[in-house]
file model_1.txt (compact mmCIF, C-alpha atoms)
# COMPACT_ATOMS: atom_id res chain seq x y z
CA MET A 945 -167.94 47.66 88.80
CA GLU A 946 -164.57 46.24 89.78
CA LYS A 947 -164.69 43.68 86.96
CA GLU A 948 -165.59 46.26 84.34
CA ARG A 949 -162.76 48.51 85.45
CA THR A 950 -160.06 45.83 85.31
CA LEU A 951 -161.23 43.61 82.46
CA LYS A 952 -158.80 43.82 79.57
CA ARG A 953 -159.28 42.20 76.18
CA PRO A 954 -156.48 39.68 75.56
CA GLU A 955 -154.61 39.46 72.30
CA VAL A 956 -155.16 36.32 70.22
CA LEU A 957 -151.64 35.42 69.07
CA ALA A 958 -151.33 32.85 66.27
CA PRO A 959 -148.36 31.04 64.72
CA ALA A 960 -147.23 31.89 61.20
CA GLY A 961 -144.61 29.57 59.75
CA THR A 962 -144.92 31.15 56.29
CA LEU A 963 -146.18 34.35 54.71
CA GLU A 964 -149.32 32.52 53.56
CA LYS A 965 -150.02 31.36 57.13
CA LEU A 966 -149.44 34.90 58.43
CA LYS A 967 -152.12 36.28 56.13
CA VAL A 968 -154.52 33.42 56.89
CA ALA A 969 -154.08 33.80 60.66
CA ILE A 970 -154.80 37.53 60.57
CA HIS A 971 -157.68 37.07 58.12
CA TYR A 972 -159.23 34.57 60.55
CA GLY A 973 -159.04 36.85 63.57
CA ALA A 974 -155.54 36.82 65.04
CA ASP A 975 -154.60 40.13 66.66
CA ALA A 976 -150.92 39.26 66.27
CA VAL A 977 -148.73 36.55 64.79
CA TYR A 978 -145.27 35.27 65.62
CA ILE A 979 -142.83 34.23 62.93
CA GLY A 980 -139.23 33.10 62.59
CA GLY A 981 -136.47 35.01 60.88
CA ASN A 982 -133.55 33.52 58.99
CA ALA A 983 -131.49 33.25 62.19
CA TYR A 984 -131.66 32.89 65.99
CA GLY A 985 -134.92 30.93 66.08
CA LEU A 986 -135.91 27.41 67.18
CA ARG A 987 -137.78 26.19 64.09
CA SER A 988 -135.27 25.66 61.29
CA ARG A 989 -137.90 23.85 59.17
CA ALA A 990 -140.81 26.23 59.70
CA GLY A 991 -140.45 28.16 56.44
CA ASN A 992 -138.68 31.07 58.09
CA PHE A 993 -139.04 34.58 56.70
CA THR A 994 -136.62 36.61 54.61
CA TYR A 995 -136.48 40.36 55.27
CA GLU A 996 -138.55 40.94 52.12
CA GLN A 997 -141.24 38.52 53.33
CA MET A 998 -141.23 40.18 56.73
CA GLN A 999 -141.76 43.55 55.07
CA GLU A 1000 -144.76 42.20 53.17
CA GLY A 1001 -146.10 40.52 56.30
CA VAL A 1002 -145.76 43.67 58.40
CA ALA A 1003 -147.54 45.73 55.72
CA PHE A 1004 -150.40 43.20 55.60
CA ALA A 1005 -150.64 43.15 59.40
CA LYS A 1006 -150.76 46.95 59.64
CA GLU A 1007 -153.58 47.05 57.10
CA HIS A 1008 -155.56 44.81 59.45
CA ASN A 1009 -154.49 46.44 62.75
CA ALA A 1010 -152.43 43.40 63.70
CA LYS A 1011 -148.87 42.94 64.95
CA VAL A 1012 -145.94 40.75 63.91
CA TYR A 1013 -143.48 39.34 66.44
CA VAL A 1014 -140.26 37.49 65.57
CA ALA A 1015 -139.07 34.51 67.62
CA ALA A 1016 -135.31 34.72 68.21
CA ASN A 1017 -135.29 32.30 71.13
CA MET A 1018 -132.28 30.07 70.48
CA VAL A 1019 -129.63 29.31 73.09
CA THR A 1020 -126.39 30.83 71.81
CA HIS A 1021 -123.08 29.04 71.99
CA GLU A 1022 -119.82 30.92 71.40
CA GLY A 1023 -120.02 32.79 68.12
CA ASN A 1024 -123.76 32.28 67.58
CA GLU A 1025 -124.45 35.85 68.66
CA GLU A 1026 -122.36 37.37 65.86
CA GLY A 1027 -124.47 39.58 63.62
CA ALA A 1028 -127.35 39.73 66.09
CA GLY A 1029 -127.15 43.51 66.40
CA ASP A 1030 -127.60 43.98 62.66
CA PHE A 1031 -130.43 41.41 62.68
CA PHE A 1032 -132.36 43.17 65.44
CA ARG A 1033 -131.87 46.60 63.90
CA GLU A 1034 -133.22 45.30 60.60
CA LEU A 1035 -136.30 43.91 62.36
CA ARG A 1036 -136.86 47.22 64.14
CA ASP A 1037 -136.58 49.19 60.92
CA LEU A 1038 -138.96 46.80 59.13
CA GLY A 1039 -141.65 47.56 61.70
CA ILE A 1040 -141.61 44.30 63.66
CA SER A 1041 -143.61 44.88 66.86
CA ALA A 1042 -141.37 42.82 69.19
CA VAL A 1043 -138.83 40.01 69.35
CA ILE A 1044 -139.24 36.92 71.53
CA VAL A 1045 -135.90 36.05 73.15
CA SER A 1046 -134.66 33.69 75.86
CA ASP A 1047 -130.86 34.08 75.86
CA PRO A 1048 -129.61 36.96 78.08
CA THR A 1049 -126.84 37.69 75.57
CA LEU A 1050 -129.32 38.25 72.75
CA ILE A 1051 -131.53 40.30 75.07
CA GLU A 1052 -128.59 42.55 75.94
CA ILE A 1053 -127.52 42.90 72.30
CA CYS A 1054 -131.06 43.77 71.24
CA ALA A 1055 -131.52 46.34 74.02
CA GLU A 1056 -128.18 48.02 73.38
CA GLU A 1057 -127.87 47.83 69.60
CA ALA A 1058 -131.53 48.05 68.50
CA PRO A 1059 -133.13 50.51 70.92
CA GLY A 1060 -136.83 50.95 70.30
CA LEU A 1061 -137.46 47.29 69.45
CA PRO A 1062 -139.61 45.79 72.25
CA ILE A 1063 -138.40 42.52 73.77
CA HIS A 1064 -140.59 39.66 75.02
CA LEU A 1065 -139.12 36.89 77.16
CA SER A 1066 -139.56 33.45 75.58
CA THR A 1067 -141.19 30.54 77.37
CA GLN A 1068 -137.80 28.81 77.07
CA ALA A 1069 -136.58 31.10 79.88
CA SER A 1070 -138.90 29.34 82.37
CA ALA A 1071 -140.53 32.35 84.05
CA THR A 1072 -142.66 30.84 86.82
CA ASN A 1073 -142.99 33.54 89.52
CA TYR A 1074 -143.64 37.28 89.78
CA GLU A 1075 -140.16 38.04 91.13
CA THR A 1076 -138.76 36.74 87.86
CA LEU A 1077 -141.19 38.87 85.87
CA GLU A 1078 -140.20 41.93 87.90
CA PHE A 1079 -136.52 41.18 87.20
CA TRP A 1080 -137.10 41.12 83.46
CA LYS A 1081 -139.31 44.20 83.65
CA ASN A 1082 -136.40 46.04 85.30
CA GLU A 1083 -134.19 44.85 82.44
CA GLY A 1084 -136.50 46.67 80.05
CA LEU A 1085 -138.72 43.83 78.80
CA GLU A 1086 -142.39 44.68 78.34
CA ARG A 1087 -143.80 41.13 78.18
CA VAL A 1088 -143.00 37.69 79.57
CA VAL A 1089 -144.22 34.44 78.01
CA LEU A 1090 -144.86 32.26 81.04
CA ALA A 1091 -143.36 28.79 81.32
CA ARG A 1092 -145.88 26.17 80.26
CA GLU A 1093 -145.53 24.59 83.69
CA VAL A 1094 -147.26 27.50 85.48
CA SER A 1095 -150.62 26.69 87.09
CA MET A 1096 -153.74 28.86 86.91
CA GLU A 1097 -153.37 29.63 90.60
CA GLU A 1098 -149.84 30.85 89.96
CA VAL A 1099 -151.01 32.96 87.02
CA ALA A 1100 -153.41 34.76 89.35
CA GLU A 1101 -150.70 35.33 91.94
CA ILE A 1102 -148.25 36.61 89.32
CA ARG A 1103 -150.79 39.09 87.98
CA LYS A 1104 -151.52 40.44 91.48
CA ASN A 1105 -147.86 41.28 92.01
CA THR A 1106 -146.61 42.66 88.70
CA ASP A 1107 -147.94 44.78 85.87
CA VAL A 1108 -145.62 43.44 83.17
CA GLU A 1109 -147.57 41.91 80.27
CA ILE A 1110 -148.28 38.18 80.59
CA GLU A 1111 -148.44 35.87 77.60
CA ALA A 1112 -149.56 32.27 78.11
CA PHE A 1113 -150.06 29.23 75.89
CA ILE A 1114 -153.69 28.30 75.36
CA HIS A 1115 -153.68 25.78 72.50
CA GLY A 1116 -151.39 23.42 70.62
CA ALA A 1117 -148.68 20.81 70.93
CA MET A 1118 -146.78 20.64 74.21
CA CYS A 1119 -143.11 19.70 74.49
CA ILE A 1120 -142.56 16.76 76.83
CA SER A 1121 -139.49 18.42 78.39
CA TYR A 1122 -139.43 21.25 80.88
CA SER A 1123 -140.02 24.56 79.07
CA GLY A 1124 -138.79 23.03 75.83
CA ARG A 1125 -135.29 22.35 77.13
CA CYS A 1126 -134.37 19.02 75.64
CA THR A 1127 -131.30 17.30 74.22
CA LEU A 1128 -132.85 14.05 72.97
CA SER A 1129 -132.56 15.31 69.40
CA ASN A 1130 -128.92 16.28 69.96
CA HIS A 1131 -128.00 12.75 71.01
CA MET A 1132 -130.29 10.74 68.76
CA SER A 1133 -130.05 12.60 65.47
CA MET A 1134 -127.14 15.04 65.99
CA ARG A 1135 -129.51 18.00 65.63
CA ASP A 1136 -129.38 20.68 68.31
CA ALA A 1137 -132.90 21.21 69.66
CA ASN A 1138 -131.99 24.50 71.33
CA ARG A 1139 -130.44 25.97 68.22
CA GLY A 1140 -133.27 25.31 65.80
CA GLY A 1141 -132.78 21.69 64.79
CA CYS A 1142 -135.15 19.61 66.93
CA SER A 1143 -136.08 16.33 65.21
CA GLN A 1144 -138.86 15.67 67.76
CA SER A 1145 -137.34 12.44 69.03
CA CYS A 1146 -140.07 12.27 71.69
CA ARG A 1147 -142.67 11.78 68.94
CA TRP A 1148 -140.92 8.75 67.46
CA LYS A 1149 -142.31 5.22 67.84
CA TYR A 1150 -140.52 3.19 70.49
CA ASP A 1151 -140.51 -0.36 71.79
CA LEU A 1152 -138.39 -2.36 74.23
CA TYR A 1153 -136.14 -4.99 72.67
CA ASP A 1154 -133.95 -7.85 73.84
CA MET A 1155 -130.81 -8.03 71.66
CA PRO A 1156 -128.66 -10.72 73.34
CA PHE A 1157 -126.34 -11.22 70.40
CA GLY A 1158 -126.17 -7.62 69.22
CA THR A 1159 -127.97 -8.30 65.96
CA GLU A 1160 -131.16 -10.17 66.79
CA LYS A 1161 -134.04 -7.81 67.65
CA ARG A 1162 -136.86 -9.31 69.71
CA SER A 1163 -139.67 -7.25 71.23
CA LEU A 1164 -140.20 -7.82 74.94
CA THR A 1165 -143.66 -6.27 74.92
CA SER A 1166 -146.20 -6.44 72.15
CA LYS A 1167 -144.34 -8.53 69.60
CA GLY A 1168 -145.36 -5.92 67.07
CA ALA A 1169 -149.08 -6.14 67.77
CA VAL A 1170 -149.42 -2.60 69.16
CA GLU A 1171 -147.53 0.38 67.83
CA GLU A 1172 -145.86 2.92 70.12
CA GLU A 1173 -145.79 0.71 73.20
CA PHE A 1174 -143.49 3.24 74.83
CA SER A 1175 -143.78 6.95 74.20
CA MET A 1176 -142.64 10.30 75.57
CA SER A 1177 -145.20 12.27 73.59
CA ALA A 1178 -147.53 14.68 75.40
CA VAL A 1179 -151.11 15.28 74.35
CA ASP A 1180 -151.96 18.74 73.02
CA MET A 1181 -153.30 21.65 75.04
CA SER A 1182 -156.70 23.27 74.68
CA MET A 1183 -158.00 25.97 77.02
CA ILE A 1184 -161.17 26.80 75.08
CA GLU A 1185 -163.33 25.86 78.10
CA HIS A 1186 -161.43 28.19 80.43
CA ILE A 1187 -161.40 31.53 78.60
CA PRO A 1188 -163.08 33.49 81.45
CA GLU A 1189 -160.52 32.39 84.03
CA LEU A 1190 -157.60 33.29 81.78
CA ILE A 1191 -159.03 36.75 81.13
CA GLU A 1192 -160.02 37.38 84.75
CA ASN A 1193 -156.52 36.43 85.89
CA GLY A 1194 -155.00 39.06 83.65
CA VAL A 1195 -153.43 37.13 80.79
CA ASP A 1196 -152.64 39.76 78.14
CA SER A 1197 -151.89 37.45 75.22
CA PHE A 1198 -153.34 34.04 74.33
CA LYS A 1199 -150.63 32.13 72.50
CA ILE A 1200 -151.49 29.38 70.02
CA GLU A 1201 -148.67 26.95 69.22
CA GLY A 1202 -147.93 25.63 65.74
CA ARG A 1203 -145.63 27.43 63.31
CA MET A 1204 -145.26 24.20 61.38
CA LYS A 1205 -149.00 23.45 61.25
CA SER A 1206 -151.22 23.87 58.17
CA ILE A 1207 -153.40 26.82 57.13
CA HIS A 1208 -156.35 24.56 57.99
CA TYR A 1209 -155.12 24.41 61.59
CA VAL A 1210 -154.19 28.08 61.85
CA SER A 1211 -157.46 29.35 60.38
CA THR A 1212 -159.64 27.07 62.50
CA VAL A 1213 -157.95 27.66 65.84
CA ALA A 1214 -157.57 31.43 65.41
CA ASN A 1215 -161.23 31.62 64.33
CA VAL A 1216 -162.46 29.74 67.41
CA TYR A 1217 -160.46 31.63 70.03
CA LYS A 1218 -161.26 34.99 68.43
CA LYS A 1219 -164.95 34.12 68.64
CA ALA A 1220 -164.67 32.99 72.26
CA VAL A 1221 -162.75 36.08 73.37
CA ASP A 1222 -165.14 38.43 71.56
CA SER A 1223 -168.13 36.66 73.10
CA TYR A 1224 -166.76 36.93 76.62
CA MET A 1225 -165.75 40.57 76.30
CA ALA A 1226 -169.15 41.48 74.87
CA ASP A 1227 -171.11 39.98 77.79
CA PRO A 1228 -169.05 38.40 80.59
CA GLU A 1229 -172.04 37.78 82.84
CA ASN A 1230 -173.90 35.64 80.30
CA TYR A 1231 -170.92 34.02 78.59
CA GLU A 1232 -170.97 30.31 77.89
CA CYS A 1233 -168.48 28.13 76.08
CA LYS A 1234 -170.37 26.73 73.12
CA GLN A 1235 -170.09 23.09 72.17
CA GLU A 1236 -169.73 24.06 68.51
CA TRP A 1237 -166.42 25.80 69.35
CA ILE A 1238 -165.10 22.64 70.99
CA ASP A 1239 -166.32 20.53 68.07
CA GLU A 1240 -164.59 22.91 65.65
CA LEU A 1241 -161.23 22.48 67.38
CA TRP A 1242 -161.56 18.71 67.18
CA LYS A 1243 -161.76 19.01 63.39
CA VAL A 1244 -158.06 19.89 63.35
CA ALA A 1245 -156.88 18.12 66.52
CA GLN A 1246 -154.12 15.61 65.82
CA ARG A 1247 -153.88 14.27 69.38
CA GLU A 1248 -156.04 14.21 72.48
CA LEU A 1249 -156.51 17.52 74.26
CA SER A 1250 -155.85 18.52 77.86
CA THR A 1251 -155.32 21.64 79.98
CA GLY A 1252 -151.59 21.04 80.43
CA PHE A 1253 -150.29 22.19 83.83
CA TYR A 1254 -153.02 24.76 84.51
CA TYR A 1255 -155.05 22.64 86.94
CA HIS A 1256 -152.83 19.72 87.90
CA THR A 1257 -149.49 18.14 87.11
CA PRO A 1258 -150.01 15.96 84.02
CA THR A 1259 -150.03 12.21 84.54
CA GLU A 1260 -149.80 9.27 82.13
CA GLU A 1261 -153.33 10.26 81.06
CA GLU A 1262 -151.82 13.32 79.38
CA GLN A 1263 -149.31 11.22 77.43
CA LEU A 1264 -149.81 9.22 74.26
CA PHE A 1265 -149.47 5.46 74.60
CA GLY A 1266 -150.43 2.91 71.98
CA PRO A 1267 -152.88 3.72 69.19
CA ARG A 1268 -154.73 7.03 69.10
CA ARG A 1269 -157.79 7.18 71.30
CA LYS A 1270 -159.45 9.75 69.05
CA ILE A 1271 -158.86 9.99 65.29
CA PRO A 1272 -159.21 13.30 63.38
CA GLU A 1273 -162.35 13.05 61.27
CA TYR A 1274 -161.87 15.96 58.86
CA LYS A 1275 -159.41 16.89 56.15
CA PHE A 1276 -158.76 20.21 54.47
CA ILE A 1277 -159.76 20.03 50.77
CA GLY A 1278 -159.70 23.54 49.33
CA GLU A 1279 -159.91 27.31 49.58
CA VAL A 1280 -162.14 29.87 47.84
CA MET A 1281 -160.30 32.00 45.27
CA ALA A 1282 -163.32 33.92 43.91
CA TYR A 1283 -167.11 34.08 44.09
CA ASP A 1284 -169.62 35.13 41.44
CA ALA A 1285 -172.77 36.37 43.20
CA GLU A 1286 -174.85 36.33 40.00
CA THR A 1287 -174.26 32.69 39.17
CA LYS A 1288 -173.64 31.66 42.81
CA THR A 1289 -170.45 29.97 41.69
CA ALA A 1290 -167.22 29.63 43.66
CA THR A 1291 -163.74 29.28 42.18
CA ILE A 1292 -161.77 26.86 44.34
CA ARG A 1293 -158.15 25.81 44.64
CA GLN A 1294 -157.96 22.14 45.58
CA ARG A 1295 -155.78 21.08 48.54
CA ASN A 1296 -156.89 17.46 48.93
CA HIS A 1297 -158.87 14.99 46.83
CA PHE A 1298 -162.67 15.23 46.85
CA SER A 1299 -165.48 14.11 44.55
CA VAL A 1300 -169.03 14.72 43.40
CA GLU A 1301 -171.53 13.50 46.03
CA ASP A 1302 -169.15 14.33 48.91
CA GLU A 1303 -170.62 16.37 51.74
CA ILE A 1304 -168.30 19.31 52.35
CA GLU A 1305 -168.14 22.19 54.82
CA PHE A 1306 -167.30 25.80 53.99
CA TYR A 1307 -166.04 28.02 56.80
CA GLY A 1308 -164.76 31.57 57.05
CA PRO A 1309 -163.79 34.32 59.51
CA GLY A 1310 -166.30 35.18 62.20
CA PHE A 1311 -167.14 31.51 62.68
CA ASN A 1312 -169.35 31.40 59.60
CA HIS A 1313 -169.83 27.93 58.16
CA PHE A 1314 -172.29 25.76 56.26
CA TYR A 1315 -172.52 22.31 54.70
CA GLN A 1316 -173.50 21.20 51.23
CA THR A 1317 -173.21 18.23 48.92
CA VAL A 1318 -171.04 18.53 45.81
CA GLU A 1319 -173.47 18.06 42.95
CA ILE A 1320 -171.34 19.20 39.99
CA MET A 1321 -167.98 20.85 39.39
CA TYR A 1322 -165.92 22.02 36.43
CA ASN A 1323 -162.23 22.20 35.60
CA GLU A 1324 -160.46 25.31 34.27
CA ASP A 1325 -161.59 24.48 30.73
CA GLY A 1326 -165.22 24.44 31.80
CA GLU A 1327 -165.50 20.67 31.48
CA SER A 1328 -167.66 18.78 33.95
CA ILE A 1329 -165.57 16.55 36.25
CA ASP A 1330 -166.62 14.05 38.89
CA ARG A 1331 -163.55 14.42 41.12
CA ALA A 1332 -160.71 16.82 41.91
CA PRO A 1333 -157.61 14.61 42.22
CA ASN A 1334 -154.77 16.99 41.34
CA PRO A 1335 -153.06 19.09 44.05
CA MET A 1336 -153.67 22.86 43.71
CA MET A 1337 -155.94 22.41 40.67
CA ILE A 1338 -158.44 25.22 40.01
CA LEU A 1339 -162.12 24.33 39.65
CA THR A 1340 -165.55 25.93 39.89
CA MET A 1341 -168.75 24.73 41.51
CA PRO A 1342 -172.15 26.14 42.51
CA VAL A 1343 -172.56 26.90 46.22
CA VAL A 1344 -175.76 27.07 48.25
CA GLN A 1345 -174.69 30.14 50.24
CA PRO A 1346 -172.47 33.14 49.42
CA VAL A 1347 -168.77 32.62 50.14
CA SER A 1348 -165.80 34.97 50.28
CA VAL A 1349 -162.22 34.89 49.05
CA GLY A 1350 -160.16 33.12 51.68
CA ASP A 1351 -162.93 30.86 52.95
CA MET A 1352 -161.80 27.27 53.52
CA ILE A 1353 -163.37 23.93 52.71
CA ARG A 1354 -163.06 20.62 54.58
CA LYS A 1355 -164.80 17.26 54.53
CA LYS A 1356 -165.15 14.24 56.77
CA LYS A 1357 -162.61 11.55 56.06

call {"tool": "encode", "arguments": {"input": "model_1.txt", "output": "structure tokens"}}
result
Amino acid sequence: MEKERTLKRPEVLAPAGTLEKLKVAIHYGADAVYIGGNAYGLRSRAGNFTYEQMQEGVAFAKEHNAKVYVAANMVTHEGNEEGAGDFFRELRDLGISAVIVSDPTLIEICAEEAPGLPIHLSTQASATNYETLEFWKNEGLERVVLAREVSMEEVAEIRKNTDVEIEAFIHGAMCISYSGRCTLSNHMSMRDANRGGCSQSCRWKYDLYDMPFGTEKRSLTSKGAVEEEFSMSAVDMSMIEHIPELIENGVDSFKIEGRMKSIHYVSTVANVYKKAVDSYMADPENYECKQEWIDELWKVAQRELSTGFYYHTPTEEEQLFGPRRKIPEYKFIGEVMAYDAETKTATIRQRNHFSVEDEIEFYGPGFNHFYQTVEIMYNEDGESIDRAPNPMMILTMPVVQPVSVGDMIRKKK
């Protein structure tokens, strides 16, 4: 009885770098999304939202009982905070559900000048113990995004000692630096990582060179035979096999990383974690992590996957050295724009090249998917074509099962 009384369904929180991704994430099961505004965020290249786009996104989210959060988690230098009060008031009035902030100055401005707008503490603030969560709770914050360095054991201890909402990362790319605090980009490309300009220097390809005369460049390692001999790049996180422990330890929000990732990524990952959470909440005693969920995540994985800091401190095994040990096997090729039930024909917008005789996979919300071979397809003029080479071209083709608007299509590379 104790479990039933305390078990709380966690929110599946997905990234939304654009309005299109926001709608896709919610359509594929996300309970909430986080976006960037036109200021104060850490992803200057993530297709950040205008106020008008936010308004449309909030309206769409409300129609689907979802929430929209705005990341405003930059570190402010002198003058950067100017206009923040107006910004936060605008977000509040647009119906944004919360802002995600790390800088105490922005937190104070938001609390004082935009009362009524909930504030979540960003992972950049490195909250790693319950005393810290209690401090921020007393400052008026309703949720804390834990530092990515927190272990599962610490999550359990934090939950026992505070009732503030806990948000934790469960899937996606992990920054190699502590809680995302890094200045490599500042020094190597003159782009401030903590004010929205990170150039991801840690993902670059590196080698070790001997340059005795200042101009000659001679590799001391592989002599060019192996790429990326030296790397600072972490593998990605995936907690799909540990959903019960996250829920039992009181995590309120499952955060998926990736505001700059594709709609293929967002739809697949949101779909999988929604299915896993629903399955556990429906029957905790008989829950099992299904292999098909794991396989599905590998269809969009760009790097190896690990559990981050949850169970041990990462070693060199959780870093990327040399060539990839596992290559993504699938690519996103299209999305369903319409379906005619009488003729069993789908109208498709192409996203990557595919051809007649290719085996393709359709998938949609609720973890519905099926395979078929492309036998024939037609362009917009009704002419039979044997391939779809042009980006965003519209075509039609018969399908072996009913599909819905918004369903996606992928194929093995």

call {"tool": "closest_residue", "arguments": {"input": "model_1.txt", "among": "A:Gly985, A:Tyr1283, A:Tyr1254, A:Met1018", "to": "Leu1090 (chain A)", "atoms": "all atoms listed in the file"}}
result
A:Tyr1254

call {"tool": "atom_distance", "arguments": {"input": "model_1.txt", "atom1": "CA of Met1352 (chain A)", "atom2": "CA of Asp1222 (chain A)"}}
result
21.5 Å

call {"tool": "residues_around", "arguments": {"input": "model_1.txt", "residues": "region 1040-1052 of chain A", "least_positions_apart": "6", "cutoff": "8 Å", "atoms": "only C-alpha atoms", "output": "list in words"}}
result
Val1002, Lys1011, Val1012, Tyr1013, Val1014, Ala1015, Ala1016, Asn1017, Met1018, Val1019, Thr1020, Glu1025, Ala1028, Leu1061, Pro1062, Ile1063, His1064, Leu1065, Ser1066, Thr1067, Gln1068 and Ala1069 of chain A

call {"tool": "closest_residue", "arguments": {"input": "model_1.txt", "among": "A:Phe1113, A:Tyr1224, A:Tyr984, A:Tyr1255", "to": "Met1096 (chain A)", "atoms": "all atoms listed in the file"}}
result
A:Tyr1255

call {"tool": "residues_around", "arguments": {"input": "model_1.txt", "residues": "Ile1353 (chain A)", "least_positions_apart": "5", "cutoff": "7 Å", "atoms": "only C-alpha atoms", "output": "PyMOL selection string"}}
result
chain A and resi 1276-1279+1304-1307

call {"tool": "residues_around", "arguments": {"input": "model_1.txt", "residues": "Gly961 (chain A)", "least_positions_apart": "3", "cutoff": "8 Å", "atoms": "all atoms listed in the file", "output": "PyMOL selection string"}}
result
chain A and resi 965-966+979-980+990-992+1202-1205

call {"tool": "atom_distance", "arguments": {"input": "model_1.txt", "atom1": "CA of Val1099 (chain A)", "atom2": "CA of Asn1193 (chain A)"}}
result
6.6 Å

call {"tool": "residues_around", "arguments": {"input": "model_1.txt", "residues": "region 1295-1300 of chain A", "least_positions_apart": "2", "cutoff": "7 Å", "atoms": "all atoms listed in the file", "output": "list in words"}}
result
Phe1276, Ile1277, Gly1278, Arg1293, Asp1302, Val1318, Glu1319, Ile1320, Asp1330, Arg1331, Ala1332, Pro1333, Pro1335 and Met1336 of chain A

call {"tool": "axis_aligned_box", "arguments": {"input": "model_1.txt", "around": "region 1300-1313 of chain A", "padding_each_side": "4 Å", "output": "AutoDock Vina command-line options"}}
result
--center_x -167.7 --center_y 24.3 --center_z 53.0 --size_x 15.7 --size_y 29.7 --size_z 27.3

call {"tool": "residues_around", "arguments": {"input": "model_1.txt", "residues": "Ile1338 (chain A)", "least_positions_apart": "3", "cutoff": "9 Å", "atoms": "all atoms listed in the file", "output": "number ranges by chain"}}
result
A: 1281, 1291-1294, 1322-1324, 1332

call {"tool": "atom_distance", "arguments": {"input": "model_1.txt", "atom1": "CA of Leu963 (chain A)", "atom2": "CA of Glu1057 (chain A)"}}
result
27.2 Å

call {"tool": "residues_near_point", "arguments": {"input": "model_1.txt", "point": "(-146.4, 35.6, 69.7)", "cutoff": "6 Å", "atoms": "only C-alpha atoms", "output": "list in words"}}
result
Leu957, Val977, Tyr978 and Tyr1013 of chain A

call {"tool": "closest_residue", "arguments": {"input": "model_1.txt", "among": "A:Arg1135, A:Arg1147, A:His971, A:His1256", "to": "Glu1093 (chain A)", "atoms": "only C-alpha atoms"}}
result
A:His1256
